[in-house]
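**Student:** Provided herewith is a single structure, encoded as structure tokens, for subsequent inquiry.
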Amino acid sequence: MASSNLTDKISAIVDSSVDGSHWKKFKQTGNQNQAIISVGHFSPEIKMDKTLVGGGLISGGPEPVAATGVKYSEGMTRGNLKDFYEVMKANVEAGYMPGYTVEMIENMRQEKNKTHPEEYDMVADVVAIKFADEKTADQAMTSQSQMSEGNIFQSQIPGAPQGMDLQKVLNNPLVQAQMTAEQKNQLKKMQPLMKDAGKQVKAEREKAGLKNTQGKLFDYPATFYEMDDKIFCTGVRVKNFLLTGSLIYSCQGFPDGNTPCQSVSQFSSKKISERVEGDTYHRTEVSPKQSTLASEGFLNKTEIEVILKKIFKQLESKEAI
């Protein structure tokens, strides 16, 4: 595991920010200028009582007990890898997967757990890139947005004088003087290709209705993708740091934590008596209580926003970083 003083400090900030949530930090890597912290969201499905959640007859006899089952809201569940591996092993033992052994499945399981532990239903990253000052970090954020639009050569180089882009640097006489004849020839061939590629990227983005915008995320300067009335944050500047990563990008894609749902952990039961052709029959019905995504521990935007706000606030207050 690569580590640096910066990586350790950012890791500590993320670790404390997810404390008490359904998320946990599990991996870190980086160097003196960049830290990548991986976090995982615990799947509530692993702890479900599948008998109650799935529904059906729990016990028979003269007074049977049956569960009504849980009706899931759209996007509520994501499945979990633990069940996936168990199904795979069962298929191997039943002879449905010729050439595979239980040992092979277990080895695959252990290897996959290094990057996506099976107790998580989502793994995401927080990427923090450190720049010399706030102005350079702002330029980097804008340049990142421009390059995603296909403006590869015309993107401002962070830290360089205003208006200095890659095309101007490569065609600068001082830079050209350091090139061999072969390098100049390759550059001459490469520039039109990259310009054409940029035009194609731009055309495809326009066709898809995808556009870049700038604004604020929790009062911090940020860049966004917008498409089909959906918005995704692609970068946030906090002091002289540019923050990106899938945790920030995916945040707006999840429902609010107060979205109603049926509970997968709390159930109520009631006895029901029915008369059929002169006879009385008794049964017990078990039903899920009403709850919310946040209460049940499902992925939700509200919890991620709380975590991100904690990260940004701590990073802003850390003068030594």
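Residues in the structure tokens are named by chain (A, B, ... in the order shown) and by number from 1 within that chain; ligands are numbered from 1 in the order shown.
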Quick one: contact table of region 32-51 of chain A to region 94-115 of chain A, 12 Å max, nearest atom pair and distance in Å to one decimal per residue, counting only C-alpha atoms, chain and number order, as JSON lines?

**Tutor:**
{"residue": "A:Ser38", "atom": "CA", "partner": "A:Thr115", "partner_atom": "CA", "distance": 9.0}
{"residue": "A:Val39", "atom": "CA", "partner": "A:Thr115", "partner_atom": "CA", "distance": 10.3}
{"residue": "A:Gly40", "atom": "CA", "partner": "A:Thr115", "partner_atom": "CA", "distance": 9.9}

**Student:** Write the residues of the preceding selection, restricted to C-alpha atoms, as a PDB file, in the first residue's frame.

**Tutor:**
ATOM      1  CA  SER A  38     -11.615   3.936  -0.854  1.00  0.00           C
ATOM      2  CA  VAL A  39     -14.762   3.562   1.228  1.00  0.00           C
ATOM      3  CA  GLY A  40     -17.423   0.883   1.246  1.00  0.00           C
TER       4      GLY A  40
END

**Student:** From a DSSP calculation on the backbone, collect every residue of region 46-167 of chain A in alpha helix (DSSP H) and output the set as a ChimeraX atom specification.

**Tutor:** /A:50-54,81-93,102-112,134-148,166-167

**Student:** Just write the chosen residues, C-alpha atoms, as a PDB file, in the first residue's frame.

**Tutor:**
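Output (result39.pdb):
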ATOM      1  CA  LYS A  50     -34.609 -13.695   4.651  1.00  0.00           C
ATOM      2  CA  THR A  51     -37.532 -15.756   5.917  1.00  0.00           C
ATOM      3  CA  LEU A  52     -39.436 -12.633   6.903  1.00  0.00           C
ATOM      4  CA  VAL A  53     -38.192 -10.473   4.047  1.00  0.00           C
ATOM      5  CA  GLY A  54     -38.966 -13.010   1.343  1.00  0.00           C
ATOM      6  CA  LEU A  81     -21.674 -10.562  -3.072  1.00  0.00           C
ATOM      7  CA  LYS A  82     -21.945 -12.950  -0.128  1.00  0.00           C
ATOM      8  CA  ASP A  83     -25.093 -14.500  -1.606  1.00  0.00           C
ATOM      9  CA  PHE A  84     -23.491 -14.501  -5.066  1.00  0.00           C
ATOM     10  CA  TYR A  85     -20.543 -16.604  -3.895  1.00  0.00           C
ATOM     11  CA  GLU A  86     -22.790 -19.011  -2.017  1.00  0.00           C
ATOM     12  CA  VAL A  87     -24.923 -19.534  -5.131  1.00  0.00           C
ATOM     13  CA  MET A  88     -21.790 -20.079  -7.209  1.00  0.00           C
ATOM     14  CA  LYS A  89     -20.526 -22.744  -4.808  1.00  0.00           C
ATOM     15  CA  ALA A  90     -23.913 -24.449  -4.728  1.00  0.00           C
ATOM     16  CA  ASN A  91     -23.926 -24.593  -8.535  1.00  0.00           C
ATOM     17  CA  VAL A  92     -20.440 -26.095  -8.552  1.00  0.00           C
ATOM     18  CA  GLU A  93     -21.400 -28.747  -6.011  1.00  0.00           C
ATOM     19  CA  VAL A 102     -15.390 -24.814  -4.741  1.00  0.00           C
ATOM     20  CA  GLU A 103     -11.732 -23.982  -4.085  1.00  0.00           C
ATOM     21  CA  MET A 104     -11.587 -21.938  -7.294  1.00  0.00           C
ATOM     22  CA  ILE A 105     -14.687 -19.982  -6.262  1.00  0.00           C
ATOM     23  CA  GLU A 106     -13.211 -19.331  -2.816  1.00  0.00           C
ATOM     24  CA  ASN A 107      -9.928 -18.129  -4.368  1.00  0.00           C
ATOM     25  CA  MET A 108     -11.874 -15.789  -6.648  1.00  0.00           C
ATOM     26  CA  ARG A 109     -13.815 -14.605  -3.615  1.00  0.00           C
ATOM     27  CA  GLN A 110     -10.666 -13.783  -1.634  1.00  0.00           C
ATOM     28  CA  GLU A 111      -9.104 -11.973  -4.580  1.00  0.00           C
ATOM     29  CA  LYS A 112     -12.216  -9.903  -5.251  1.00  0.00           C
ATOM     30  CA  GLU A 134      -6.294  28.122  -4.689  1.00  0.00           C
ATOM     31  CA  LYS A 135      -5.904  29.787  -8.109  1.00  0.00           C
ATOM     32  CA  THR A 136      -4.054  26.783  -9.523  1.00  0.00           C
ATOM     33  CA  ALA A 137      -6.637  24.406  -8.054  1.00  0.00           C
ATOM     34  CA  ASP A 138      -9.396  26.463  -9.714  1.00  0.00           C
ATOM     35  CA  GLN A 139      -7.560  26.298 -13.043  1.00  0.00           C
ATOM     36  CA  ALA A 140      -7.175  22.535 -12.696  1.00  0.00           C
ATOM     37  CA  MET A 141     -10.885  22.114 -12.023  1.00  0.00           C
ATOM     38  CA  THR A 142     -11.814  24.232 -15.055  1.00  0.00           C
ATOM     39  CA  SER A 143      -9.255  22.480 -17.247  1.00  0.00           C
ATOM     40  CA  GLN A 144     -10.607  19.070 -16.223  1.00  0.00           C
ATOM     41  CA  SER A 145     -14.079  20.204 -17.252  1.00  0.00           C
ATOM     42  CA  GLN A 146     -12.846  21.587 -20.582  1.00  0.00           C
ATOM     43  CA  MET A 147     -10.923  18.428 -21.451  1.00  0.00           C
ATOM     44  CA  SER A 148     -14.007  16.314 -20.849  1.00  0.00           C
ATOM     45  CA  LEU A 166      -1.130  22.672 -24.320  1.00  0.00           C
ATOM     46  CA  GLN A 167      -1.151  23.729 -27.972  1.00  0.00           C
TER      47      GLN A 167
END

**Student:** I'd like to know which of A:Lys71, A:Arg78, A:His22, A:His116 is closest to Gly55 (chain A), using only C-alpha atoms.

**Tutor:**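 Nearest to Gly55 (chain A): A:Lys71.
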
**Student:** When you count only C-alpha atoms, which of these residues is closest to Phe241 (chain A): A:Lys9, A:Lys130, A:Lys310, A:Lys25?

**Tutor:** A:Lys130

**Student:** Which one of A:Met227, A:Val65, A:Cys251, A:Val238 sits closest to Phe131 (chain A) if you count only C-alpha atoms?

**Tutor:**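 Between A:Met227, A:Val65, A:Cys251, A:Val238, the residue approaching Phe131 (chain A) most closely is A:Val238.
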
**Student:** Set the distance at 7 Å and use only C-alpha atoms: which residues neighbour Tyr220 (chain A) once local chain neighbours fewer than 3 positions away are removed? I'd like the list as an MDAnalysis selection string.

**Tutor:** chainID A and resid 216:217 236:238

**Student:** Suppose you want the space between CA of Pro62 (chain A) and CA of Arg275 (chain A); what is it in Å?

**Tutor:**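 Calculated distance between CA of Pro62 (chain A) and CA of Arg275 (chain A) is 13.9 Å.
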
**Student:** Taking only C-alpha atoms into account, which of A:Pro221, A:Pro44, A:Pro117, A:Gly60 comes nearest Arg283 (chain A)?

**Tutor:**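 Closest residue, counting only C-alpha atoms: A:Gly60.
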
**Student:** Have a look at CA of Val126 (chain A) and CA of Ile307 (chain A) and let me know their distance in Å, one decimal.

**Tutor:**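 Separating CA of Val126 (chain A) from CA of Ile307 (chain A) is a distance of 10.9 Å.
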
**Student:** Find the residue from A:Ser73, A:Gln314, A:Ser59, A:Ser43 that sits nearest to Lys239 (chain A); use only C-alpha atoms when measuring.

**Tutor:**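 Answer, going by the shortest atom-to-atom distance: A:Gln314.
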
**Student:** Might you pull out every residue within 12 Å of Lys24 (chain A), with only C-alpha atoms counted and same-chain residues fewer than 6 positions away left off, and present them as a list in words?

**Tutor:** Ser11, Ala12, Val14, Asp15, Ser16, Ser17, Val18, Ile37, Ser38, Val39, Gly40, His41, Phe42, Ser43, Pro117, Glu119, Tyr120, Asp121, Met122, Val123, Ala124, Asp125, Ile304 and Ile307 of chain A

**Student:** Have a look at CA of Phe267 (chain A) and CA of Ser287 (chain A) and let me know their distance in Å, one decimal.

**Tutor:** 5.4 Å

**Student:** Tell me which protein, DNA and RNA residues are within 6 Å of region 258-266 of chain A, counting only C-alpha atoms, leaving out same-chain ones fewer than 2 positions away, and put them as number ranges by chain.

**Tutor:** A: 256, 288-293
